[in-house]
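**Student:** Provided herewith: start_37.cif, mmCIF, C-alpha atoms and all ligand atoms.
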```
data_structure
#
loop_
_atom_site.group_PDB
_atom_site.id
_atom_site.type_symbol
_atom_site.label_atom_id
_atom_site.label_comp_id
_atom_site.auth_asym_id
_atom_site.auth_seq_id
_atom_site.Cartn_x
_atom_site.Cartn_y
_atom_site.Cartn_z
ATOM 1 C CA MET M 243 38.179 -32.482 -139.439
ATOM 2 C CA LEU M 244 37.170 -32.273 -143.057
ATOM 3 C CA VAL M 245 39.872 -33.229 -145.523
ATOM 4 C CA ALA M 246 39.468 -29.965 -147.427
ATOM 5 C CA GLN M 247 39.961 -28.059 -144.183
ATOM 6 C CA ARG M 248 43.170 -29.972 -143.428
ATOM 7 C CA VAL M 249 44.482 -29.172 -146.915
ATOM 8 C CA ASN M 250 43.450 -25.550 -146.455
ATOM 9 C CA GLU M 251 45.397 -25.320 -143.192
ATOM 10 C CA PHE M 252 48.415 -27.131 -144.635
ATOM 11 C CA ILE M 253 48.698 -24.728 -147.577
ATOM 12 C CA THR M 254 48.182 -21.755 -145.276
ATOM 13 C CA SER M 255 50.943 -23.049 -142.974
ATOM 14 C CA GLN M 256 53.333 -23.097 -145.958
ATOM 15 C CA HIS M 257 52.731 -19.398 -146.676
ATOM 16 C CA PRO M 258 54.261 -17.701 -148.598
ATOM 17 C CA ALA M 259 55.664 -20.831 -150.224
ATOM 18 C CA ALA M 260 53.744 -22.661 -152.926
ATOM 19 C CA VAL M 261 53.300 -26.421 -152.882
ATOM 20 C CA CYS M 262 52.239 -28.864 -155.571
ATOM 21 C CA ASP M 263 49.426 -31.386 -155.490
ATOM 22 C CA LYS M 264 51.833 -34.289 -155.037
ATOM 23 C CA CYS M 265 53.486 -32.808 -151.946
ATOM 24 C CA ILE M 266 50.070 -32.013 -150.506
ATOM 25 C CA CYS M 267 49.089 -35.581 -151.279
ATOM 26 C CA ASP M 268 52.181 -36.884 -149.469
ATOM 27 C CA ALA M 269 51.703 -34.562 -146.490
ATOM 28 C CA MET M 270 48.052 -35.471 -146.116
ATOM 29 C CA GLY M 271 48.572 -39.180 -146.648
ATOM 30 C CA PHE M 272 46.190 -39.324 -149.607
ATOM 31 C CA MET M 273 46.152 -42.411 -151.758
ATOM 32 C CA SER M 274 46.161 -40.501 -155.050
ATOM 33 C CA ASN M 275 47.268 -37.163 -156.463
ATOM 34 C CA ALA M 276 43.832 -36.845 -158.031
ATOM 35 C CA HIS M 277 42.386 -36.521 -154.547
ATOM 36 C CA SER M 278 44.554 -33.527 -153.631
ATOM 37 C CA ALA M 279 44.177 -32.052 -157.133
ATOM 38 C CA GLN M 280 40.423 -32.128 -156.701
ATOM 39 C CA ILE M 281 40.673 -30.207 -153.426
ATOM 40 C CA THR M 282 43.330 -27.709 -154.505
ATOM 41 C CA GLY M 283 41.355 -27.135 -157.703
ATOM 42 C CA ALA M 284 38.391 -26.107 -155.597
ATOM 43 C CA LEU M 285 40.513 -23.994 -153.229
ATOM 44 C CA GLY M 286 42.160 -22.331 -156.237
ATOM 45 C CA THR M 287 38.821 -20.849 -157.252
ATOM 46 C CA THR M 288 38.603 -18.926 -153.966
ATOM 47 C CA SER M 289 40.222 -15.554 -153.322
ATOM 48 C CA ASP M 290 42.254 -17.017 -150.435
ATOM 49 C CA PHE M 291 44.475 -19.095 -152.735
ATOM 50 C CA GLU M 292 46.351 -18.777 -156.012
ATOM 51 C CA ARG M 293 46.781 -21.863 -158.154
ATOM 52 C CA GLU M 294 49.272 -21.532 -160.984
ATOM 53 C CA ARG M 295 52.217 -23.064 -162.791
ATOM 54 C CA GLY M 296 55.344 -22.643 -160.697
ATOM 55 C CA ILE M 297 58.126 -24.175 -158.650
ATOM 56 C CA CYS M 298 57.057 -26.244 -155.672
ATOM 57 C CA ALA M 299 58.865 -25.142 -152.502
ATOM 58 C CA THR M 300 59.060 -28.709 -151.240
ATOM 59 C CA CYS M 301 60.044 -30.898 -154.222
ATOM 60 C CA LYS M 302 61.441 -28.084 -156.443
ATOM 61 C CA ASN M 303 59.573 -29.372 -159.476
ATOM 62 C CA ASP M 304 57.952 -27.092 -162.046
ATOM 63 C CA ARG M 305 54.288 -27.993 -161.916
ATOM 64 C CA THR M 306 50.903 -26.693 -160.866
ATOM 65 C CA VAL M 307 51.265 -25.288 -157.377
ATOM 66 C CA ILE M 308 48.983 -23.529 -154.918
ATOM 67 C CA ARG M 309 49.766 -20.877 -152.337
ATOM 68 C CA SER M 310 47.862 -18.995 -149.722
ATOM 69 C CA VAL M 311 47.519 -15.271 -150.393
ATOM 70 C CA ILE M 312 46.552 -14.383 -146.833
ATOM 71 C CA LYS M 313 49.117 -13.905 -144.086
HETATM 72 ZN ZN ZN M 401 56.010 -30.622 -154.644
#
```
The structure in this file should be written as structure tokens.
Ligand SMILES: [Zn+2]

**Tutor:**
Amino acid sequence: MLVAQRVNEFITSQHPAAVCDKCICDAMGFMSNAHSAQITGALGTTSDFERERGICATCKNDRTVIRSVIK
């Protein structure tokens, strides 16, 4: 499965919670946050996701998070 698709499904599975790039990185087993940031940045441009500053549901930190907007 494509990495972007795995990230897509992970974020969707967290709905309606928002998660940050670092937690996505940890969940996906990526080597760097930049890798997940690159993917979430791309997903954030689609109408299926919202990428904004907020509280991550997993680590509770105030940072850039992404959430699925579809149920
Ligand atoms: Zn987090």

**Student:** Enumerate residues in contact with ligand ZN 401 (chain M): an atom-to-atom distance of at most 12 Å, counting only C-alpha atoms and all ligand atoms. Format the result as a count of residues only.

**Tutor:** 30

**Student:** Using atom CA of M:Ile281 and atom CA of M:Ile312 as the two end points, give the distance in Å to one decimal.

**Tutor:**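 Computing the Euclidean distance for atom CA of M:Ile281 and atom CA of M:Ile312 yields 18.1 Å.
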
**Student:** Provide the atom CA of M:Val249 to atom CA of M:Glu294 distance in Å, to one decimal place.

**Tutor:**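 Computing the Euclidean distance for atom CA of M:Val249 and atom CA of M:Glu294 yields 16.7 Å.
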
**Student:** Provide the atom CA of M:Ser289 to atom CA of M:Gly271 distance in Å, to one decimal place.

**Tutor:**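 According to the coordinates, atom CA of M:Ser289 and atom CA of M:Gly271 are separated by 25.9 Å.
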
**Student:** Tell me, as a ChimeraX atom specification, which residues lie within 10 Å of M:Asn250, counting all atoms listed in the file; anything in the same chain fewer than 2 positions away does not count.

**Tutor:** /M:244-248,252-255,281-282,285,290-291,309-310

**Student:** Once N, CA and C atoms are restored for stretch 271-285 of chain M, what would the output be as a CSV table (one decimal), in the coordinates of the input?

**Tutor:**
```csv
chain,number,residue,atom,x,y,z
M,271,GLY,N,48.7,-37.7,-146.7
M,271,GLY,CA,48.6,-39.2,-146.6
M,271,GLY,C,47.5,-39.7,-147.6
M,272,PHE,N,47.2,-38.9,-148.6
M,272,PHE,CA,46.2,-39.3,-149.6
M,272,PHE,C,46.7,-40.5,-150.4
M,273,MET,N,45.8,-41.3,-150.9
M,273,MET,CA,46.2,-42.4,-151.8
M,273,MET,C,46.5,-42.0,-153.2
M,274,SER,N,45.9,-40.9,-153.7
M,274,SER,CA,46.2,-40.5,-155.0
M,274,SER,C,46.3,-39.0,-155.2
M,275,ASN,N,47.1,-38.6,-156.2
M,275,ASN,CA,47.3,-37.2,-156.5
M,275,ASN,C,45.9,-36.5,-156.9
M,276,ALA,N,45.1,-37.4,-157.5
M,276,ALA,CA,43.8,-36.8,-158.0
M,276,ALA,C,43.0,-36.3,-156.9
M,277,HIS,N,43.1,-36.9,-155.7
M,277,HIS,CA,42.4,-36.5,-154.5
M,277,HIS,C,42.8,-35.1,-154.1
M,278,SER,N,44.1,-34.9,-154.0
M,278,SER,CA,44.6,-33.5,-153.6
M,278,SER,C,44.3,-32.5,-154.7
M,279,ALA,N,44.4,-33.0,-156.0
M,279,ALA,CA,44.2,-32.1,-157.1
M,279,ALA,C,42.7,-31.6,-157.1
M,280,GLN,N,41.8,-32.5,-156.8
M,280,GLN,CA,40.4,-32.1,-156.7
M,280,GLN,C,40.2,-31.0,-155.7
M,281,ILE,N,40.9,-31.2,-154.5
M,281,ILE,CA,40.7,-30.2,-153.4
M,281,ILE,C,41.4,-28.9,-153.7
M,282,THR,N,42.6,-29.0,-154.2
M,282,THR,CA,43.3,-27.7,-154.5
M,282,THR,C,42.7,-27.0,-155.7
M,283,GLY,N,42.1,-27.8,-156.6
M,283,GLY,CA,41.4,-27.1,-157.7
M,283,GLY,C,40.2,-26.3,-157.2
M,284,ALA,N,39.5,-26.8,-156.2
M,284,ALA,CA,38.4,-26.1,-155.6
M,284,ALA,C,38.9,-24.9,-154.8
M,285,LEU,N,40.0,-25.1,-154.0
M,285,LEU,CA,40.5,-24.0,-153.2
M,285,LEU,C,41.0,-22.9,-154.1
```
